[in-house]
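K.L.:
First, the structure itself, so that you have it in front of you.
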Amino acid sequence: MTDIRNIVVLTGAGVSAESGIDTFRGGGGLWEQHRVEDVATPEAFARDPELVLRFYDMRRAAIQTKEPNAAHHALARLDAEWEGGLLIVTQNVDDLHEQAGAKRVLHMHGEHLNAWCTACDVRSRWTAPLIDRPPCPACGARSLRPDVVWFGEMPYRMDEIYAALREADLFVSIGTSGAVYPAAGFVRDSRELGARTLELNLERSQGSAWFDETRLGPASELVPAWVAEMLDG
Ligand code: BJW
């Protein structure tokens, strides 16, 4: 892969599955009989804020007990040692890439450990529950919500993502089902822009046909092997 200089890596829930965080569309994809599509929307929050805040409080508490796995550590190694361009675009709202030490990480669907005040638009680091409607540290309004991107909302930092995709020689998708746009469209965008495309997943995803190559297996094995190929030749 000597012709590769700029890499975009897209990660999804599968990269954190072996750290004990449930994926969205696997066996544990339902929460109290609700599909994620029915809880992760602004409409659900307006209709039943307690239900939605409870869902996120539970997940915010859970992720604080989780640790990065070999896939996160391998990507952190790539970040530290790859001399070309690299952007790790994660759809995940956990902080396991950062815990592993990766720096070039972009959270396109937000972060569990942030709260967003819809009154003053300030984001604050937040590890506690939101169900009791605590005041915003910046303005005092009781208008905090999870700082995550729900269906129908615009994912974060899309300009930066598309700029990186335009420069990429290689696009690598890890542990994502290809069910949710715009991330699901990045493989097609990358191909049209001339990049090589590689998928690492436990099983074939909805987008598999679009990749030049798909490798099947657990992220904790596939990602360290791929990173070693990139760095050690
Ligand atoms: C392993 C593994 C192991 C397991 N090792 N692998 C009709 C057509 C097209 C689009 C739309 C449409 N109708 C509506 C839309 C748009 C909508 C959308 O995509 N809907 C679909 C349901 C069709 N999208 C949006 O609304 C987005 N906004 C938007 O489009 O704005 C307009 C826009 C236009 C143009 C440009 C830009 C913007 C917003 C989407 C927000 C998604 N939010 C969520 C919730 C975040 C907060 C939270 O955590 O609660 O994000 S939904 C959920 O899905 C979460 C995830 O990031 C996202 C993707 O899931 P992911 O990561 O792929 O997980 P899974 O569970 O689906 O898959 C896990 C994978 O891992 C599987 O493949 C396993 O095989 C694998 N795996 N174990 C390796 N050990």
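Residues in the structure tokens are numbered from 1 in each chain, the chains being A, B, ... in the order shown, and ligands are numbered from 1 in the order shown.
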At a cut-off of 6 Å and counting only C-alpha atoms and all ligand atoms, what residues surround ligand 1? Please answer as an MDAnalysis selection string.
P.N.:
chainID A and resid 12:15 17:18 23:26 40 91:93 109 148:155 175:182 201:203 205 218:219
K.L.:
Find the nearest atom pair between each residue of range 43-95 of chain A and range 111-118 of chain A for residues within 10 Å, count only C-alpha atoms, give distances in Å to one decimal, sort rows by chain and ascending number, and present the table as a Markdown table.
P.N.:
| residue | atom | partner | partner_atom | distance |
| --- | --- | --- | --- | --- |
| A:Tyr56 | CA | A:His112 | CA | 7.7 |
| A:Asp57 | CA | A:His112 | CA | 8.9 |
| A:Arg59 | CA | A:His112 | CA | 7.9 |
| A:Arg60 | CA | A:His112 | CA | 5.7 |
| A:Ala61 | CA | A:His112 | CA | 9.3 |
| A:Ile63 | CA | A:His112 | CA | 8.3 |
| A:Gln64 | CA | A:Leu113 | CA | 8.8 |
| A:Gln91 | CA | A:Glu111 | CA | 9.4 |
| A:Asn92 | CA | A:Glu111 | CA | 7.6 |
| A:Val93 | CA | A:Glu111 | CA | 4.2 |
| A:Asp94 | CA | A:His112 | CA | 6.1 |
| A:Asp95 | CA | A:Glu111 | CA | 7.5 |
K.L.:
Pick the closest to Val187 in chain A from A:Arg77, A:Arg166, A:Arg54, A:Arg123: which is it, counting only C-alpha atoms?
P.N.:
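Between A:Arg77, A:Arg166, A:Arg54, A:Arg123, the residue approaching Val187 in chain A most closely is A:Arg166.
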K.L.:
So how many Å separate CA of Ala102 in chain A and CA of Leu75 in chain A, to one decimal?
P.N.:
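One can read the CA of Ala102 in chain A to CA of Leu75 in chain A distance as 6.9 Å.
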K.L.:
Per DSSP on the backbone, what are the alpha helix (DSSP H) residues of range 51-225 of chain A, as number ranges by chain?
P.N.:
A: 51-63, 70-81, 96-100, 158-167, 186-192, 219-225
K.L.:
I want to know what sits within 7 Å of range 188-190 of chain A, based on only C-alpha atoms, with residues of the same chain fewer than 4 positions away left out; could you give that as a VMD selection string?
P.N.:
chain A and resid 165 171 194 to 195 210
K.L.:
Env of Ile161 in chain A: 12 Å cut, atoms = only C-alpha atoms, seq-sep filter 5 positions within chain, self excluded. Answer as a PDB file with N, CA, C and O atoms, in the first residue's frame.
P.N.:
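After the write, selection-v9.pdb holds the following:
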ATOM      1  N   ILE A   7      -5.782   8.794   4.616  1.00  0.00           N
ATOM      2  CA  ILE A   7      -6.745   7.747   4.975  1.00  0.00           C
ATOM      3  C   ILE A   7      -7.921   8.366   5.738  1.00  0.00           C
ATOM      4  O   ILE A   7      -7.720   9.198   6.630  1.00  0.00           O
ATOM      5  N   VAL A   8      -9.121   7.935   5.384  1.00  0.00           N
ATOM      6  CA  VAL A   8     -10.293   8.218   6.226  1.00  0.00           C
ATOM      7  C   VAL A   8     -10.801   6.881   6.749  1.00  0.00           C
ATOM      8  O   VAL A   8     -11.029   5.947   5.981  1.00  0.00           O
ATOM      9  N   VAL A   9     -10.933   6.786   8.073  1.00  0.00           N
ATOM     10  CA  VAL A   9     -11.488   5.601   8.721  1.00  0.00           C
ATOM     11  C   VAL A   9     -12.866   5.995   9.269  1.00  0.00           C
ATOM     12  O   VAL A   9     -12.994   7.023   9.944  1.00  0.00           O
ATOM     13  N   LEU A  10     -13.877   5.195   8.951  1.00  0.00           N
ATOM     14  CA  LEU A  10     -15.211   5.400   9.530  1.00  0.00           C
ATOM     15  C   LEU A  10     -15.471   4.273  10.509  1.00  0.00           C
ATOM     16  O   LEU A  10     -15.347   3.099  10.142  1.00  0.00           O
ATOM     17  N   LEU A  86      -4.806  11.520   8.156  1.00  0.00           N
ATOM     18  CA  LEU A  86      -5.690  10.518   8.757  1.00  0.00           C
ATOM     19  C   LEU A  86      -6.834  11.252   9.452  1.00  0.00           C
ATOM     20  O   LEU A  86      -6.615  12.228  10.174  1.00  0.00           O
ATOM     21  N   LEU A  87      -8.048  10.776   9.211  1.00  0.00           N
ATOM     22  CA  LEU A  87      -9.187  11.248  10.000  1.00  0.00           C
ATOM     23  C   LEU A  87     -10.004  10.024  10.391  1.00  0.00           C
ATOM     24  O   LEU A  87     -10.408   9.233   9.523  1.00  0.00           O
ATOM     25  N   ILE A  88     -10.198   9.847  11.704  1.00  0.00           N
ATOM     26  CA  ILE A  88     -11.053   8.767  12.205  1.00  0.00           C
ATOM     27  C   ILE A  88     -12.422   9.396  12.466  1.00  0.00           C
ATOM     28  O   ILE A  88     -12.615  10.134  13.435  1.00  0.00           O
ATOM     29  N   VAL A  89     -13.342   9.144  11.540  1.00  0.00           N
ATOM     30  CA  VAL A  89     -14.706   9.658  11.695  1.00  0.00           C
ATOM     31  C   VAL A  89     -15.482   8.578  12.435  1.00  0.00           C
ATOM     32  O   VAL A  89     -15.633   7.461  11.932  1.00  0.00           O
ATOM     33  N   THR A  90     -15.955   8.884  13.621  1.00  0.00           N
ATOM     34  CA  THR A  90     -16.720   7.865  14.336  1.00  0.00           C
ATOM     35  C   THR A  90     -18.185   8.277  14.440  1.00  0.00           C
ATOM     36  O   THR A  90     -18.501   9.450  14.671  1.00  0.00           O
ATOM     37  N   GLN A  91     -19.042   7.270  14.231  1.00  0.00           N
ATOM     38  CA  GLN A  91     -20.476   7.485  14.482  1.00  0.00           C
ATOM     39  C   GLN A  91     -20.771   7.229  15.946  1.00  0.00           C
ATOM     40  O   GLN A  91     -21.880   7.482  16.415  1.00  0.00           O
ATOM     41  N   ARG A 104      -6.819  12.183  16.226  1.00  0.00           N
ATOM     42  CA  ARG A 104      -7.462  12.682  15.003  1.00  0.00           C
ATOM     43  C   ARG A 104      -8.844  12.023  14.845  1.00  0.00           C
ATOM     44  O   ARG A 104      -9.091  11.269  13.927  1.00  0.00           O
ATOM     45  N   VAL A 105      -9.738  12.341  15.797  1.00  0.00           N
ATOM     46  CA  VAL A 105     -11.059  11.707  15.878  1.00  0.00           C
ATOM     47  C   VAL A 105     -12.133  12.774  15.721  1.00  0.00           C
ATOM     48  O   VAL A 105     -12.035  13.847  16.316  1.00  0.00           O
ATOM     49  N   LEU A 106     -13.142  12.471  14.924  1.00  0.00           N
ATOM     50  CA  LEU A 106     -14.269  13.386  14.734  1.00  0.00           C
ATOM     51  C   LEU A 106     -15.571  12.625  15.051  1.00  0.00           C
ATOM     52  O   LEU A 106     -15.842  11.598  14.434  1.00  0.00           O
ATOM     53  N   HIS A 107     -16.358  13.132  15.984  1.00  0.00           N
ATOM     54  CA  HIS A 107     -17.607  12.478  16.385  1.00  0.00           C
ATOM     55  C   HIS A 107     -18.778  13.054  15.587  1.00  0.00           C
ATOM     56  O   HIS A 107     -19.358  14.068  15.966  1.00  0.00           O
ATOM     57  N   MET A 108     -19.131  12.394  14.494  1.00  0.00           N
ATOM     58  CA  MET A 108     -20.174  12.983  13.631  1.00  0.00           C
ATOM     59  C   MET A 108     -21.575  12.886  14.245  1.00  0.00           C
ATOM     60  O   MET A 108     -22.456  13.639  13.858  1.00  0.00           O
ATOM     61  N   PRO A 155     -25.793  15.721  11.000  1.00  0.00           N
ATOM     62  CA  PRO A 155     -24.567  15.284  11.689  1.00  0.00           C
ATOM     63  C   PRO A 155     -23.540  16.420  11.745  1.00  0.00           C
ATOM     64  O   PRO A 155     -23.560  17.345  10.932  1.00  0.00           O
ATOM     65  N   TYR A 156     -22.634  16.308  12.702  1.00  0.00           N
ATOM     66  CA  TYR A 156     -21.663  17.366  12.963  1.00  0.00           C
ATOM     67  C   TYR A 156     -20.499  17.339  11.952  1.00  0.00           C
ATOM     68  O   TYR A 156     -20.086  16.265  11.505  1.00  0.00           O
ATOM     69  N   ARG A 166     -12.424  13.970   0.128  1.00  0.00           N
ATOM     70  CA  ARG A 166     -11.903  14.426  -1.182  1.00  0.00           C
ATOM     71  C   ARG A 166     -10.414  14.165  -1.316  1.00  0.00           C
ATOM     72  O   ARG A 166      -9.903  13.949  -2.409  1.00  0.00           O
ATOM     73  N   GLU A 167      -9.695  14.198  -0.200  1.00  0.00           N
ATOM     74  CA  GLU A 167      -8.234  14.003  -0.221  1.00  0.00           C
ATOM     75  C   GLU A 167      -7.836  12.545  -0.037  1.00  0.00           C
ATOM     76  O   GLU A 167      -6.657  12.194  -0.176  1.00  0.00           O
ATOM     77  N   ALA A 168      -8.794  11.688   0.312  1.00  0.00           N
ATOM     78  CA  ALA A 168      -8.434  10.324   0.747  1.00  0.00           C
ATOM     79  C   ALA A 168      -7.993   9.434  -0.414  1.00  0.00           C
ATOM     80  O   ALA A 168      -8.584   9.446  -1.490  1.00  0.00           O
ATOM     81  N   PHE A 171     -10.335   4.621   1.953  1.00  0.00           N
ATOM     82  CA  PHE A 171     -11.458   4.764   2.887  1.00  0.00           C
ATOM     83  C   PHE A 171     -11.689   3.403   3.523  1.00  0.00           C
ATOM     84  O   PHE A 171     -11.856   2.398   2.824  1.00  0.00           O
ATOM     85  N   PRO A 182     -25.882  10.223   6.593  1.00  0.00           N
ATOM     86  CA  PRO A 182     -25.037  10.185   5.397  1.00  0.00           C
ATOM     87  C   PRO A 182     -23.835   9.245   5.488  1.00  0.00           C
ATOM     88  O   PRO A 182     -23.205   8.985   4.468  1.00  0.00           O
ATOM     89  N   ALA A 183     -23.504   8.711   6.688  1.00  0.00           N
ATOM     90  CA  ALA A 183     -22.290   7.881   6.802  1.00  0.00           C
ATOM     91  C   ALA A 183     -22.330   6.704   5.831  1.00  0.00           C
ATOM     92  O   ALA A 183     -21.303   6.334   5.238  1.00  0.00           O
ATOM     93  N   PHE A 186     -20.700   7.287   2.458  1.00  0.00           N
ATOM     94  CA  PHE A 186     -19.291   7.688   2.308  1.00  0.00           C
ATOM     95  C   PHE A 186     -18.527   6.739   1.387  1.00  0.00           C
ATOM     96  O   PHE A 186     -17.599   7.159   0.693  1.00  0.00           O
ATOM     97  N   ASP A 189     -19.249   7.828  -2.091  1.00  0.00           N
ATOM     98  CA  ASP A 189     -18.570   9.109  -2.325  1.00  0.00           C
ATOM     99  C   ASP A 189     -17.081   8.865  -2.555  1.00  0.00           C
ATOM    100  O   ASP A 189     -16.482   9.422  -3.475  1.00  0.00           O
ATOM    101  N   SER A 190     -16.481   8.015  -1.712  1.00  0.00           N
ATOM    102  CA  SER A 190     -15.033   7.765  -1.795  1.00  0.00           C
ATOM    103  C   SER A 190     -14.678   7.118  -3.129  1.00  0.00           C
ATOM    104  O   SER A 190     -13.690   7.492  -3.769  1.00  0.00           O
TER     105      SER A 190
END
K.L.:
Choose the residue, out of A:Pro68, A:Gln206, A:Gly140, A:Thr11, that has the smallest atom-to-atom separation from Ser173 in chain A; count only C-alpha atoms.
P.N.:
A:Thr11
K.L.:
What's around Glu199 in chain A at 8 Å? Count only C-alpha atoms, leave out sequence neighbours fewer than 6 positions away in its own chain, and write the answer as number ranges by chain.
P.N.:
A: 172-174, 208, 211, 213-215
K.L.:
So, counting only C-alpha atoms, which residue among A:Leu53, A:His97, A:Glu37, A:Arg5 is closest to Ser19 in chain A?
P.N.:
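Answer, going by the shortest atom-to-atom distance: A:His97.
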